[in-house]
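Colleague: I am attaching a structure below and will ask some questions about it afterwards.
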Amino acid sequence: MTPGKPKEEAKATLLVEGRCDVDFFSRLCRLWNLNISILPPDQCGQVLGGGVSKMPTILPELLDNLADENQTLQKLGIVADADHTGISGGFSERWKQLTLPLEDAGYVITPPPTQAYEGSVFQNDDGLPDVGLWLLPNHKDDGMLEDLVKQTVREGQQRDLLDKATHCLNELPVQLFEPEGRHHRRSKATIYTWLAWQEKPGRDLRILLDFKKPEKHLIDTNSPEISAFKNWLNRVFT
Amino acid sequence: MLDSLYIKHFRLFKELKIEQLGRLNLIVGKNNSGKSCLLEALYIYAKNASPRILYELIEERGENWEEIMQPEKKEPAILETPFCPIFHGYQFPELGRDGIEIGSLKEIKKRLKLHIYAYRTIENEDERRLVRINEQQLSDDNPLNDADLVIEVEQGGEFKFRFSLTDSPKANRWRLPKNAETKLNVRFVPTKQLTDDTVAELWDRILLSPSLEEEVKNGLRLIDNSIQKIVVVGRRREIPMLIYDNKKQLPLKSLGDGATHLFHIILALVNARNGFLLIDEFENGLHYTIQPQVWDFVFKFATHLNVQVFATTHSWDCITAFQTASLNSQEEAILFRLGRSARKSNQGEVIATTYDKQRMQTVTQAELEVR
């Protein structure tokens, strides 16, 4: 397959894992009027196979662009799933994997914050712009984007539906999403079950936010968790 | 072949380090990032810093403008002023220090070095000779203005030759030792095309080896596969003509700038055996669909004839074509971008970011901007 033209490089880039993240974080940025480009775009995810495994490959390229005044990129944030220890990663492993290229580029890697929902912002010894890192869901525990979404679902009707979805999953005669009883995909199964029961079933995370009718947001954008993430974004990009 | 590159105090480069070069090297970067300077540096390296070549490059950039403004001047042209811009920061370095260095990053001894010294002419009954003045003598009551500025050229740790900046270029040429100019076979394809004389010369060389003539034809067939023969005609043999099966004859120029550029690339390549091929703006006039085949051709003959290729480009299509061709070849291919450092420690200095085959694949597939 012939690669396409390069995407126009943005001044501010949030490096994410794949398509679901692009859907979610680009809408959050739009909601907060933040002009941040979310990478990798779809094409990139498809060709490279997407996923967190490609992030340590892409990251040095972005850091090299950050170190070159002639390039447009000036601010960089990284968001990735921590995933699960012993299965697909886990906080410590992901931390190590993503901070290594930063360390190579001269960033001072401070230890992870002891509190959840703070995020990290690393400084460079040689004057390069700060780079932010947030491991989903809360930059402390194992988990993924869907765990963050679960935490922030609106109280009332939506929360009731989510509880019902959780219950349904527990009742299933066979749980194919959890081979060998490992619970690492449960939150994903829960969220997509819950999404199937919305006004427009079969949609992805983009329906979490409704720009025409904010009262129809499925998540609470003022929740402490989402507000904490917003604070981190502001620290990185402003 | 150069395995790596080190350029110091030359034009835009304060100190440029490139850890790894390939047989094939594609250079990208914004305007005024140093792409042409880099080709110039390689040209100077290959030509052993011959003053004639240095002066040609100076003329090319119009840096001898003062001389041009005074055509009536009776005194011989003085090289001092126009030579200034080849040194970093547009000024001569201190005597004997901070000179120009070009060569391998790893093999320091093999670097070409140009240092400025002050010389004074000593005349007596028997002879007239130039003597280098040391700093001590200068700091005494000897002002520099009765001395000559001289560039000393050194290679492999050895003094090769010197030339005075107070003489005219012609005067200097005669004083050089034999073989001072030649080190490596180097061919340069500039943006504004080769001159007719160069084309005629290169074509003559090709006629001496019929297999190469065949390959030039094969190369041009990338644009028009019905070409049967190429001849070069005219009083100065300045008109390349294409001959077709049905006796149709067309001047190469009628096929457009792209065809002429391709012809020049091929001519220069097959004439650069065991040396360097430098191409400014590879993609000039070449449609993106044929660029992968042109690169395949260049990869093949660079290997076959032991040529190290350095080409510049602004085009994304050229980068992806280069990357695709690199996958079909065992040869090491390197893409490097010249930019300006954002780091405090060397802010604003020209830096190079290097992409080997693996990294090239990552950036082209991820569609990350590298130019």
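Residue names in the structure tokens use chain letters A, B, ... in the order shown, residue numbers from 1 in each chain, and ligand numbers from 1 in the order shown.
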Can you build me a table of chain B residues sitting at most 6 Å from chain A, with the closest atom pair per residue and its distance in Å to one decimal, using only C-alpha atoms, sorted by chain and residue number, as CSV?

Modeller:
residue,atom,partner,partner_atom,distance
B:Gly339,CA,A:Asn70,CA,5.5
B:Arg340,CA,A:Glu69,CA,5.1
B:Ser341,CA,A:Asp68,CA,4.9
B:Ala342,CA,A:Ala67,CA,4.9
B:Arg343,CA,A:Asp126,CA,5.4
B:Lys344,CA,A:Gly127,CA,5.2
B:Gln365,CA,A:Pro3,CA,5.5
B:Ala366,CA,A:Cys44,CA,4.5
B:Glu367,CA,A:Pro6,CA,4.2
B:Leu368,CA,A:Pro6,CA,5.4
B:Glu369,CA,A:Pro6,CA,5.3

Colleague: Name all residues at most 7 Å from range 320-331 of chain B (count only C-alpha atoms; drop same-chain ones fewer than 3 positions away) and give them as a ChimeraX atom specification.

Modeller: /B:23,291-292,295-296,316-317,360-361,364

Colleague: Write out as an NGL selection string the set of residues from range 11-160 of chain A that DSSP, computed on the backbone, places in helix (DSSP H, G or I).

Modeller: :A and (19-31 or 42-48 or 52-66 or 91-104 or 145-152 or 157-160)

Colleague: With distances taken over only C-alpha atoms, which residue among B:Leu202, B:Val131, B:Leu338, B:Val150 lies nearest Asn31 in chain B?

Modeller: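 So, comparing all the options, the nearest one is B:Leu338.
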
Colleague: If we count only C-alpha atoms, what is near Arg94 in chain A at a cut-off of 8 Å, once residues fewer than 6 positions away on the same chain are taken out, given as a ChimeraX atom specification?

Modeller: /A:82-83,135

Colleague: Could you save those same residues with C-alpha atoms as a compact mmCIF listing (two decimals), in the first residue's frame?

Modeller:
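Printed below is again-v5.txt as written:
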# COMPACT_ATOMS: atom_id res chain seq x y z
CA ALA A 82 -1.76 1.32 31.35
CA ASP A 83 -3.36 -2.08 30.62
CA LEU A 135 -1.54 6.46 31.60

Colleague: Ranking B:Val307, B:Ile351, B:Cys84, B:Ala147 by minimum distance to Phe13 in chain B and counting only C-alpha atoms, which one comes first?

Modeller: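 For Phe13 in chain B, the nearest of the candidates is B:Ile351.
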
Colleague: What lies within 8 Å of Tyr244 in chain B using only C-alpha atoms, ignoring chain neighbours under 4 positions off, as a count of residues only?

Modeller: 6

Colleague: Which of these residues is nearest to Leu218 in chain A, using only C-alpha atoms: A:Arg154, A:Arg206, A:Lys200, A:Arg159?

Modeller: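 Of the candidates, the smallest distance to Leu218 in chain A is held by A:Arg154.
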
Colleague: Taking the backbone alone, and naming residues the way the document does, which bits of range 36-214 of chain A are strand (DSSP E) by DSSP, as a PyMOL selection string?

Modeller: chain A and resi 37-39+75-81+107-108+120-124+131-136

Colleague: Which polymer residues have any atom within 6 Å of an atom of Ser104 in chain B, counting only C-alpha atoms, with same-chain residues fewer than 3 positions away left out, as a list of chain:residue names?

Modeller: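 The residues satisfying every condition are B:Ser4, B:Leu5, B:Tyr6, B:Glu107.
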
Colleague: Can you tell me, as a list in words, what residues are no more than 9 Å from Gly22 in chain B when counting only C-alpha atoms, ignoring any on the same chain fewer than 3 positions away?

Modeller: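 Contacts, with the query itself left out: Met1, Leu2, Asp3, Ser4, Asn25, Gln308, Val309, Glu331, Glu332, Ala333, Ile334, Leu335 and Asp356 of chain B.
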
Colleague: Using only C-alpha atoms, please write the residues we just selected to a file, as a compact mmCIF listing (two decimals), in the first residue's frame.

Modeller:
# COMPACT_ATOMS: atom_id res chain seq x y z
CA MET B 1 32.68 5.97 0.44
CA LEU B 2 32.17 8.23 3.40
CA ASP B 3 30.78 6.24 6.33
CA SER B 4 29.71 9.33 8.30
CA ASN B 25 21.53 9.54 0.84
CA GLN B 308 27.90 7.27 -3.31
CA VAL B 309 24.82 9.36 -4.04
CA GLU B 331 22.48 -1.12 0.05
CA GLU B 332 22.29 1.13 3.07
CA ALA B 333 20.04 4.09 2.34
CA ILE B 334 19.78 7.06 4.66
CA LEU B 335 17.33 9.94 4.72
CA ASP B 356 17.70 4.59 8.37

Colleague: Kindly give the distance, in Å, that separates CA of Lys247 in chain B and CA of Thr260 in chain B, rounded to a single decimal.

Modeller: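 Value for the CA of Lys247 in chain B-CA of Thr260 in chain B distance: 21.0 Å.
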